[in-house]
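Enquirer: As input, take target.cif (mmCIF, C-alpha atoms (C1' of nucleotides)):
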```
data_work
loop_
_atom_site.label_atom_id
_atom_site.label_comp_id
_atom_site.auth_asym_id
_atom_site.auth_seq_id
_atom_site.Cartn_x
_atom_site.Cartn_y
_atom_site.Cartn_z
CA MET A 1 149.32 141.12 -31.20
CA ASP A 2 146.66 142.73 -33.36
CA GLN A 3 143.49 143.91 -31.71
CA SER A 4 140.28 142.70 -33.28
CA VAL A 5 139.60 145.10 -36.13
CA ILE A 6 136.86 143.02 -37.68
CA CYS A 7 133.65 144.95 -38.38
CA PRO A 8 131.25 144.06 -35.55
CA ARG A 9 128.29 143.79 -37.93
CA PHE A 10 130.13 141.31 -40.10
CA GLU A 11 131.34 139.44 -37.05
CA LYS A 12 127.79 139.17 -35.77
CA ALA A 13 126.50 137.91 -39.11
CA MET A 14 129.29 135.38 -39.31
CA GLY A 15 128.63 134.28 -35.74
CA MET A 16 125.02 133.65 -36.61
CA MET A 17 125.75 131.70 -39.79
CA SER A 18 128.46 129.75 -37.96
CA GLN A 19 125.99 128.25 -35.56
CA ARG A 20 125.20 124.68 -36.36
CA TRP A 21 121.96 124.26 -38.39
CA THR A 22 121.25 127.97 -38.92
CA GLY A 23 122.26 127.89 -42.58
CA LEU A 24 120.28 124.77 -43.34
CA VAL A 25 117.15 126.14 -41.66
CA ILE A 26 117.38 129.24 -43.85
CA TYR A 27 118.04 127.08 -46.91
CA GLN A 28 114.88 125.08 -46.23
CA LEU A 29 112.79 128.19 -45.68
CA LEU A 30 114.01 129.69 -48.96
CA THR A 31 111.76 127.16 -50.70
CA GLY A 32 108.72 128.43 -48.83
CA PRO A 33 107.06 128.30 -45.40
CA LYS A 34 107.60 125.14 -43.40
CA ARG A 35 106.17 123.53 -40.31
CA PHE A 36 108.19 122.46 -37.30
CA CYS A 37 107.90 118.74 -37.91
CA SER A 38 108.75 119.14 -41.58
CA LEU A 39 111.99 120.99 -40.83
CA GLU A 40 112.81 118.50 -38.11
CA SER A 41 112.51 115.44 -40.31
CA SER A 42 113.92 116.88 -43.54
CA MET A 43 117.24 117.88 -42.05
CA GLY A 44 117.84 115.54 -39.14
CA ILE A 45 118.06 118.26 -36.50
CA SER A 46 116.79 117.49 -33.01
CA GLY A 47 113.60 119.18 -31.87
CA ARG A 48 115.45 120.63 -28.94
CA VAL A 49 117.91 122.58 -31.10
CA LEU A 50 115.41 123.38 -33.85
CA SER A 51 113.18 125.04 -31.30
CA GLU A 52 116.14 127.05 -30.00
CA ARG A 53 117.25 128.13 -33.51
CA LEU A 54 113.79 129.17 -34.62
CA LYS A 55 113.41 131.31 -31.50
CA ASP A 56 116.79 132.96 -32.09
CA LEU A 57 116.05 133.60 -35.76
CA GLU A 58 112.65 135.01 -34.87
CA ASN A 59 114.24 137.34 -32.29
CA GLN A 60 116.68 138.53 -34.94
CA GLY A 61 113.85 139.28 -37.35
CA ILE A 62 114.99 136.70 -39.87
CA VAL A 63 112.17 134.21 -39.39
CA LYS A 64 108.46 134.84 -38.89
CA ARG A 65 106.25 132.44 -36.90
CA GLU A 66 102.59 132.30 -37.84
CA VAL A 67 99.82 130.46 -36.04
CA PHE A 68 96.89 129.28 -38.14
CA PRO A 69 93.92 128.35 -35.92
CA ASP A 70 93.02 125.31 -37.97
CA THR A 71 92.10 122.19 -36.17
CA PRO A 72 94.62 120.98 -35.21
CA VAL A 73 96.48 124.27 -35.00
CA ARG A 74 99.09 124.77 -37.72
CA ILE A 75 102.24 126.77 -37.16
CA GLU A 76 104.29 127.98 -40.10
CA TYR A 77 107.79 129.36 -40.18
CA SER A 78 108.86 131.58 -43.04
CA LEU A 79 111.57 134.11 -43.92
CA THR A 80 111.09 137.82 -43.43
CA GLU A 81 112.53 140.31 -45.92
CA LYS A 82 115.73 140.31 -43.86
CA GLY A 83 115.82 136.53 -44.02
CA LEU A 84 115.13 136.38 -47.75
CA ALA A 85 118.06 138.73 -48.26
CA LEU A 86 120.34 135.88 -47.17
CA GLN A 87 119.58 134.04 -50.39
CA PRO A 88 122.69 135.21 -52.30
CA ILE A 89 124.92 133.77 -49.59
CA VAL A 90 123.22 130.39 -49.78
CA LYS A 91 123.31 130.45 -53.58
CA GLU A 92 127.02 131.24 -53.65
CA LEU A 93 127.73 128.42 -51.23
CA GLU A 94 125.66 126.11 -53.38
CA LYS A 95 127.69 127.12 -56.46
CA TRP A 96 130.95 126.62 -54.61
CA SER A 97 129.95 123.17 -53.42
CA GLN A 98 129.00 122.09 -56.95
CA THR A 99 132.30 123.30 -58.34
CA TRP A 100 134.70 122.21 -55.64
CA LEU A 101 133.32 119.19 -53.83
CA ALA A 102 133.02 115.62 -55.07
CA ASN A 103 129.57 114.10 -54.74
CA ASP A 104 130.64 110.90 -53.02
CA SER A 105 132.50 109.89 -49.88
CA ASP A 106 135.18 112.55 -49.22
CA MET B 1 108.25 112.72 -42.60
CA ASP B 2 110.45 113.80 -45.52
CA GLN B 3 113.67 111.99 -46.09
CA SER B 4 116.76 114.16 -46.39
CA VAL B 5 116.79 115.30 -50.00
CA ILE B 6 119.44 117.96 -49.49
CA CYS B 7 122.34 117.71 -51.93
CA PRO B 8 125.18 116.06 -50.03
CA ARG B 9 127.78 118.40 -51.51
CA PHE B 10 125.85 121.42 -50.37
CA GLU B 11 125.24 119.85 -46.98
CA LYS B 12 128.95 119.21 -46.61
CA ALA B 13 129.84 122.79 -47.56
CA MET B 14 127.25 124.14 -45.15
CA GLY B 15 128.51 121.84 -42.40
CA MET B 16 132.01 123.17 -42.88
CA MET B 17 130.98 126.84 -42.88
CA SER B 18 128.74 126.21 -39.86
CA GLN B 19 131.64 125.24 -37.69
CA ARG B 20 132.57 127.94 -35.30
CA TRP B 21 135.50 130.11 -36.53
CA THR B 22 135.84 128.54 -39.98
CA GLY B 23 134.31 131.54 -41.76
CA LEU B 24 136.41 134.06 -39.88
CA VAL B 25 139.62 132.14 -40.56
CA ILE B 26 138.81 132.22 -44.28
CA TYR B 27 137.91 135.90 -44.05
CA GLN B 28 141.27 136.68 -42.49
CA LEU B 29 143.16 134.67 -45.08
CA LEU B 30 141.37 136.47 -47.91
CA THR B 31 143.52 139.49 -47.08
CA GLY B 32 146.71 137.47 -47.59
CA PRO B 33 148.85 134.81 -45.88
CA LYS B 34 148.86 134.87 -42.10
CA ARG B 35 150.86 133.31 -39.29
CA PHE B 36 149.39 131.25 -36.47
CA CYS B 37 149.88 133.85 -33.77
CA SER B 38 148.48 136.60 -35.95
CA LEU B 39 145.25 134.71 -36.61
CA GLU B 40 145.03 133.77 -32.95
CA SER B 41 145.27 137.32 -31.67
CA SER B 42 143.28 139.07 -34.40
CA MET B 43 140.14 137.06 -33.92
CA GLY B 44 140.16 135.88 -30.32
CA ILE B 45 140.11 132.17 -31.10
CA SER B 46 141.94 129.80 -28.78
CA GLY B 47 145.12 128.15 -30.04
CA ARG B 48 143.59 124.79 -29.37
CA VAL B 49 140.70 125.31 -31.77
CA LEU B 50 142.70 127.34 -34.32
CA SER B 51 145.13 124.46 -34.64
CA GLU B 52 142.22 122.06 -35.16
CA ARG B 53 140.53 124.28 -37.77
CA LEU B 54 143.70 124.88 -39.75
CA LYS B 55 144.36 121.14 -39.91
CA ASP B 56 140.79 120.46 -41.09
CA LEU B 57 140.94 123.19 -43.70
CA GLU B 58 144.31 121.92 -44.89
CA ASN B 59 142.94 118.39 -45.19
CA GLN B 60 140.05 119.73 -47.25
CA GLY B 61 142.44 121.51 -49.59
CA ILE B 62 141.14 124.96 -48.66
CA VAL B 63 144.20 126.15 -46.77
CA LYS B 64 147.88 125.69 -47.56
CA ARG B 65 150.53 125.53 -44.84
CA GLU B 66 154.02 126.66 -45.77
CA VAL B 67 157.17 126.40 -43.70
CA PHE B 68 159.84 129.03 -44.29
CA PRO B 69 163.18 127.94 -42.82
CA ASP B 70 164.04 131.37 -41.52
CA THR B 71 165.48 131.65 -38.12
CA PRO B 72 163.24 131.34 -36.19
CA VAL B 73 161.14 129.22 -38.50
CA ARG B 74 158.14 130.99 -39.97
CA ILE B 75 154.92 129.18 -40.87
CA GLU B 76 152.38 130.81 -43.14
CA TYR B 77 148.81 129.84 -43.82
CA SER B 78 147.15 130.90 -47.06
CA LEU B 79 144.16 130.01 -49.21
CA THR B 80 144.39 127.58 -52.10
CA GLU B 81 142.41 128.17 -55.30
CA LYS B 82 139.56 126.21 -53.71
CA GLY B 83 139.75 128.43 -50.65
CA LEU B 84 139.90 131.66 -52.65
CA ALA B 85 136.75 130.55 -54.44
CA LEU B 86 134.88 131.05 -51.15
CA GLN B 87 135.33 134.82 -51.47
CA PRO B 88 131.88 135.50 -53.02
CA ILE B 89 130.19 133.88 -50.03
CA VAL B 90 132.10 136.04 -47.59
CA LYS B 91 131.46 139.16 -49.69
CA GLU B 92 127.72 138.48 -49.84
CA LEU B 93 127.59 137.99 -46.08
CA GLU B 94 129.50 141.22 -45.64
CA LYS B 95 126.97 143.05 -47.84
CA TRP B 96 124.06 141.53 -45.95
CA SER B 97 125.49 142.53 -42.59
CA GLN B 98 126.00 146.14 -43.75
CA THR B 99 122.44 146.34 -45.03
CA TRP B 100 120.55 144.53 -42.30
CA LEU B 101 122.42 144.84 -39.02
CA ALA B 102 122.81 147.86 -36.79
CA ASN B 103 126.39 148.78 -35.92
CA ASP B 104 125.86 149.03 -32.18
CA SER B 105 124.59 146.87 -29.32
CA ASP B 106 121.87 144.60 -30.76
"C1'" DT C 1 89.15 103.80 -25.21
"C1'" DT C 2 93.43 103.47 -27.51
"C1'" DA C 3 96.52 105.16 -30.72
"C1'" DG C 4 98.34 108.96 -33.55
"C1'" DT C 5 99.75 113.83 -34.77
"C1'" DT C 6 101.77 118.46 -33.96
"C1'" DA C 7 104.57 121.58 -31.52
"C1'" DG C 8 107.04 121.75 -28.50
"C1'" DT C 9 109.74 121.02 -23.32
"C1'" DT C 10 112.60 118.57 -19.84
"C1'" DA C 11 116.32 115.74 -17.98
"C1'" DC C 12 120.33 113.59 -19.00
"C1'" DT C 13 124.55 112.27 -22.01
"C1'" DT C 14 127.98 113.23 -25.36
"C1'" DT C 15 130.64 116.39 -28.08
"C1'" DA C 16 132.74 120.87 -28.93
"C1'" DT C 17 134.97 124.71 -27.31
"C1'" DG C 18 137.47 127.60 -23.86
"C1'" DT C 19 141.29 128.15 -20.42
"C1'" DA C 20 145.56 127.78 -18.79
"C1'" DA C 21 149.75 125.66 -18.48
"C1'" DG C 22 153.51 123.13 -20.82
"C1'" DT C 23 156.93 122.02 -24.71
"C1'" DA C 24 160.71 122.58 -28.04
"C1'" DA C 25 163.39 125.33 -30.75
"C1'" DT C 26 165.46 129.52 -31.07
"C1'" DT C 27 166.88 134.72 -30.00
"C1'" DA C 28 167.58 138.68 -27.08
"C1'" DT C 29 168.86 140.72 -22.68
"C1'" DA C 30 171.40 141.33 -18.07
"C1'" DT D 1 175.77 132.19 -18.48
"C1'" DA D 2 171.46 132.32 -16.79
"C1'" DT D 3 166.79 134.44 -17.53
"C1'" DA D 4 163.19 135.94 -20.19
"C1'" DA D 5 160.74 136.14 -24.66
"C1'" DT D 6 158.79 134.43 -29.06
"C1'" DT D 7 156.52 131.11 -32.23
"C1'" DA D 8 153.78 127.20 -33.12
"C1'" DC D 9 151.89 124.28 -31.19
"C1'" DT D 10 149.95 120.24 -27.57
"C1'" DT D 11 147.92 118.57 -23.24
"C1'" DA D 12 144.75 118.31 -19.32
"C1'" DC D 13 140.88 119.92 -17.44
"C1'" DA D 14 136.34 122.89 -17.17
"C1'" DT D 15 132.35 124.75 -19.27
"C1'" DA D 16 129.02 125.32 -23.00
"C1'" DA D 17 126.47 123.48 -26.92
"C1'" DA D 18 124.18 119.78 -29.11
"C1'" DG D 19 122.12 115.01 -29.25
"C1'" DT D 20 118.78 111.49 -27.26
"C1'" DA D 21 114.81 109.97 -25.47
"C1'" DA D 22 110.95 110.47 -22.88
"C1'" DC D 23 107.17 113.54 -21.72
"C1'" DT D 24 103.20 117.10 -22.21
"C1'" DA D 25 98.97 119.21 -24.01
"C1'" DA D 26 95.65 119.70 -27.24
"C1'" DC D 27 93.37 117.59 -30.55
"C1'" DT D 28 91.64 113.70 -34.27
"C1'" DA D 29 90.61 109.19 -36.04
"C1'" DA D 30 89.37 104.29 -35.43
#
```
How does the structure come out when it is put into structure tokens?
Expert:
Amino acid sequence: MDQSVICPRFEKAMGMMSQRWTGLVIYQLLTGPKRFCSLESSMGISGRVLSERLKDLENQGIVKREVFPDTPVRIEYSLTEKGLALQPIVKELEKWSQTWLANDSD
Amino acid sequence: MDQSVICPRFEKAMGMMSQRWTGLVIYQLLTGPKRFCSLESSMGISGRVLSERLKDLENQGIVKREVFPDTPVRIEYSLTEKGLALQPIVKELEKWSQTWLANDSD
DNA sequence: TTAGTTAGTTACTTTATGTAAGTAATTATA
DNA sequence: TATAATTACTTACATAAAGTAACTAACTAA
């Protein structure tokens, strides 16, 4: 019927945010740099997928990975400028959820 | 390590928007009511999954399904007030994509 | 020496999505 | 009066994504 006339940039952004866990990873990083194990345990994602997501987000320039040669080595993930710019989206979703969703069960 | 201290309402909203296609369905419906076959062809989703998503969104009170007893019968999907309230999220993502993504290849 | 931590990876299972064909009700065409 | 076409789906089966659990490597602490 119609051909896809959706803006490819928007479609790409939506595709990224529609991947499971991506939004929550960004949400966590909005509160500051986090370590792998901290992200893993605070949101219940499996290490396998977290590793995959962080790599993708790093490749897209949304997340920055920094190695601190402490002993033991410490690795921190944080948002780049591009990643921080996603904040309004997260904030709007937060507002929506407070307004339209009940806090229990459903 | 940490226990999940993420607001359950926010987590639910994020879970919904993180499902593949959900965001694009809402985006399409923001431009007005649409029929099944129109959604299907305009965004390249399979009928199998579109049917599943529309049912979920209807159950969550985000989408309204209306049957018009024309001949042949016409079925229209549109956003409820709750669904329309998602517009700011979509608009912010649209803005982000225009600012931070290239329009070709990558 | 044994156990524990961090940042992952690997192999395997389960779930989600895609593909293609089918259905039921109706209309249009030869 | 068949035959094909359309809409709004559903069903069966195949492939892709995510979950689970065990493992690795480098190091620390007891």
Enquirer: If we count only C-alpha atoms, which residues of chain A reach to within 8 Å of chain B? Please list them as an MDAnalysis selection string.
Expert: chainID A and resid 1:6 8:15 17:24 37:38 41:44 82 85:86 88:90 92:94 96:98 100:103
Enquirer: Of the candidates D:DC27, D:DA5, D:DA14, D:DA22, which one gets nearest to chain A if we count all atoms listed in the file?
Expert: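 Closest to chain A of all the choices is D:DC27.
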Enquirer: Run the PyMOL selection byres ((chain C) within 8 of (chain B)) on the file and write out the hits as a ChimeraX atom specification.
Expert: /C:17-18,26-27
Enquirer: Write to file, as a PDB file, in the frame of the given file, the residues of the selection just made, with C-alpha atoms (C1' of nucleotides).
Expert:
```
ATOM      1  C1'  DT C  17     134.970 124.710 -27.310  1.00  0.00           C
ATOM      2  C1'  DG C  18     137.470 127.600 -23.860  1.00  0.00           C
ATOM      3  C1'  DT C  26     165.460 129.520 -31.070  1.00  0.00           C
ATOM      4  C1'  DT C  27     166.880 134.720 -30.000  1.00  0.00           C
TER       5       DT C  27
END
```
Enquirer: Counting only C-alpha atoms (C1' of nucleotides), a student should be able to say which residues of chain D come within 12 Å of chain A; what is the right answer, written as a PyMOL selection string?
Expert: chain D and resi 6+17-21+26-28
Enquirer: Any chance you could fit chain A onto chain B with least squares, all Cα atoms in order, and share the moved copy as a tab-separated table (two decimals) with C-alpha atoms, in the frame of the given file?
Expert:
```tsv
chain	number	residue	atom	x	y	z
A	1	MET	CA	108.21	112.69	-42.57
A	2	ASP	CA	110.39	113.79	-45.46
A	3	GLN	CA	113.66	112.01	-46.01
A	4	SER	CA	116.70	114.23	-46.34
A	5	VAL	CA	116.76	115.31	-49.97
A	6	ILE	CA	119.40	117.96	-49.49
A	7	CYS	CA	122.31	117.71	-51.94
A	8	PRO	CA	125.16	116.05	-50.02
A	9	ARG	CA	127.76	118.39	-51.53
A	10	PHE	CA	125.82	121.43	-50.38
A	11	GLU	CA	125.23	119.85	-47.00
A	12	LYS	CA	128.93	119.21	-46.61
A	13	ALA	CA	129.82	122.77	-47.56
A	14	MET	CA	127.25	124.13	-45.16
A	15	GLY	CA	128.51	121.83	-42.42
A	16	MET	CA	131.99	123.18	-42.90
A	17	MET	CA	130.96	126.84	-42.90
A	18	SER	CA	128.71	126.20	-39.89
A	19	GLN	CA	131.62	125.24	-37.72
A	20	ARG	CA	132.57	127.94	-35.31
A	21	TRP	CA	135.50	130.10	-36.54
A	22	THR	CA	135.83	128.54	-40.00
A	23	GLY	CA	134.31	131.54	-41.77
A	24	LEU	CA	136.40	134.05	-39.89
A	25	VAL	CA	139.62	132.14	-40.58
A	26	ILE	CA	138.82	132.21	-44.29
A	27	TYR	CA	137.90	135.90	-44.07
A	28	GLN	CA	141.28	136.69	-42.51
A	29	LEU	CA	143.17	134.67	-45.09
A	30	LEU	CA	141.37	136.46	-47.93
A	31	THR	CA	143.54	139.47	-47.11
A	32	GLY	CA	146.70	137.45	-47.60
A	33	PRO	CA	148.85	134.81	-45.88
A	34	LYS	CA	148.86	134.87	-42.10
A	35	ARG	CA	150.85	133.31	-39.31
A	36	PHE	CA	149.39	131.26	-36.49
A	37	CYS	CA	149.88	133.85	-33.79
A	38	SER	CA	148.48	136.60	-35.98
A	39	LEU	CA	145.24	134.71	-36.63
A	40	GLU	CA	145.03	133.77	-32.97
A	41	SER	CA	145.25	137.32	-31.67
A	42	SER	CA	143.28	139.08	-34.41
A	43	MET	CA	140.14	137.04	-33.94
A	44	GLY	CA	140.16	135.88	-30.34
A	45	ILE	CA	140.11	132.17	-31.13
A	46	SER	CA	141.93	129.80	-28.79
A	47	GLY	CA	145.11	128.17	-30.04
A	48	ARG	CA	143.59	124.79	-29.38
A	49	VAL	CA	140.69	125.31	-31.80
A	50	LEU	CA	142.69	127.34	-34.32
A	51	SER	CA	145.13	124.47	-34.65
A	52	GLU	CA	142.24	122.05	-35.17
A	53	ARG	CA	140.55	124.28	-37.80
A	54	LEU	CA	143.71	124.88	-39.77
A	55	LYS	CA	144.37	121.14	-39.91
A	56	ASP	CA	140.82	120.45	-41.10
A	57	LEU	CA	140.96	123.20	-43.72
A	58	GLU	CA	144.33	121.94	-44.91
A	59	ASN	CA	142.95	118.38	-45.21
A	60	GLN	CA	140.06	119.73	-47.27
A	61	GLY	CA	142.44	121.53	-49.61
A	62	ILE	CA	141.16	124.96	-48.67
A	63	VAL	CA	144.21	126.16	-46.76
A	64	LYS	CA	147.89	125.68	-47.56
A	65	ARG	CA	150.55	125.54	-44.82
A	66	GLU	CA	154.04	126.67	-45.76
A	67	VAL	CA	157.18	126.42	-43.67
A	68	PHE	CA	159.86	129.04	-44.26
A	69	PRO	CA	163.18	127.94	-42.73
A	70	ASP	CA	164.02	131.40	-41.45
A	71	THR	CA	165.44	131.71	-38.03
A	72	PRO	CA	163.19	131.39	-36.14
A	73	VAL	CA	161.12	129.25	-38.47
A	74	ARG	CA	158.11	131.02	-39.98
A	75	ILE	CA	154.93	129.21	-40.86
A	76	GLU	CA	152.38	130.81	-43.15
A	77	TYR	CA	148.81	129.85	-43.82
A	78	SER	CA	147.15	130.90	-47.05
A	79	LEU	CA	144.15	130.01	-49.22
A	80	THR	CA	144.40	127.59	-52.10
A	81	GLU	CA	142.41	128.16	-55.29
A	82	LYS	CA	139.56	126.20	-53.71
A	83	GLY	CA	139.75	128.43	-50.65
A	84	LEU	CA	139.90	131.65	-52.65
A	85	ALA	CA	136.75	130.55	-54.44
A	86	LEU	CA	134.89	131.05	-51.15
A	87	GLN	CA	135.32	134.80	-51.48
A	88	PRO	CA	131.88	135.49	-53.03
A	89	ILE	CA	130.19	133.87	-50.04
A	90	VAL	CA	132.11	136.04	-47.59
A	91	LYS	CA	131.46	139.14	-49.69
A	92	GLU	CA	127.73	138.48	-49.83
A	93	LEU	CA	127.61	137.99	-46.08
A	94	GLU	CA	129.52	141.21	-45.64
A	95	LYS	CA	126.99	143.04	-47.84
A	96	TRP	CA	124.09	141.54	-45.95
A	97	SER	CA	125.53	142.54	-42.59
A	98	GLN	CA	126.04	146.14	-43.75
A	99	THR	CA	122.48	146.36	-45.02
A	100	TRP	CA	120.60	144.55	-42.30
A	101	LEU	CA	122.46	144.83	-39.02
A	102	ALA	CA	122.87	147.86	-36.78
A	103	ASN	CA	126.44	148.70	-35.86
A	104	ASP	CA	125.89	148.97	-32.12
A	105	SER	CA	124.60	146.79	-29.31
A	106	ASP	CA	121.84	144.56	-30.76
```
Enquirer: So that I can check the surroundings of range 20-25 of chain C, please list as a PDB file with C-alpha atoms (C1' of nucleotides), keeping the file's coordinate frame every protein, DNA and RNA residue that reaches within 10 Å of it, counting only C-alpha atoms (C1' of nucleotides) and ignoring chain neighbours fewer than 3 positions away.
Expert:
```pdb
ATOM      1  CA  THR B  71     165.480 131.650 -38.120  1.00  0.00           C
ATOM      2  CA  PRO B  72     163.240 131.340 -36.190  1.00  0.00           C
ATOM      3  CA  VAL B  73     161.140 129.220 -38.500  1.00  0.00           C
TER       4      VAL B  73
ATOM      5  C1'  DT D   7     156.520 131.110 -32.230  1.00  0.00           C
ATOM      6  C1'  DA D   8     153.780 127.200 -33.120  1.00  0.00           C
ATOM      7  C1'  DC D   9     151.890 124.280 -31.190  1.00  0.00           C
ATOM      8  C1'  DT D  10     149.950 120.240 -27.570  1.00  0.00           C
ATOM      9  C1'  DT D  11     147.920 118.570 -23.240  1.00  0.00           C
ATOM     10  C1'  DA D  12     144.750 118.310 -19.320  1.00  0.00           C
ATOM     11  C1'  DC D  13     140.880 119.920 -17.440  1.00  0.00           C
TER      12       DC D  13
END
```
Enquirer: What does the structure give for the distance between CA of Leu50 in chain A and CA of Phe36 in chain A, in Å to one decimal?
Expert: 8.1 Å
Enquirer: Give me, please, the distance in Å between CA of Ile75 in chain A and C1' of DG4 in chain C, quoted to one decimal.
Expert: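 The value is 18.6 Å.
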Enquirer: Taking 5 positions as the minimum chain separation for residues in the same chain, which residues sit within 12 Å of DA30 in chain D when counting all atoms listed in the file? Answer as a compact mmCIF listing (two decimals) with C-alpha atoms (C1' of nucleotides), in the frame of the given file.
Expert:
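result_29.txt written:
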```txt
# COMPACT_ATOMS: atom_id res chain seq x y z
C1' DT C 1 89.15 103.80 -25.21
C1' DT C 2 93.43 103.47 -27.51
C1' DA C 3 96.52 105.16 -30.72
C1' DG C 4 98.34 108.96 -33.55
```
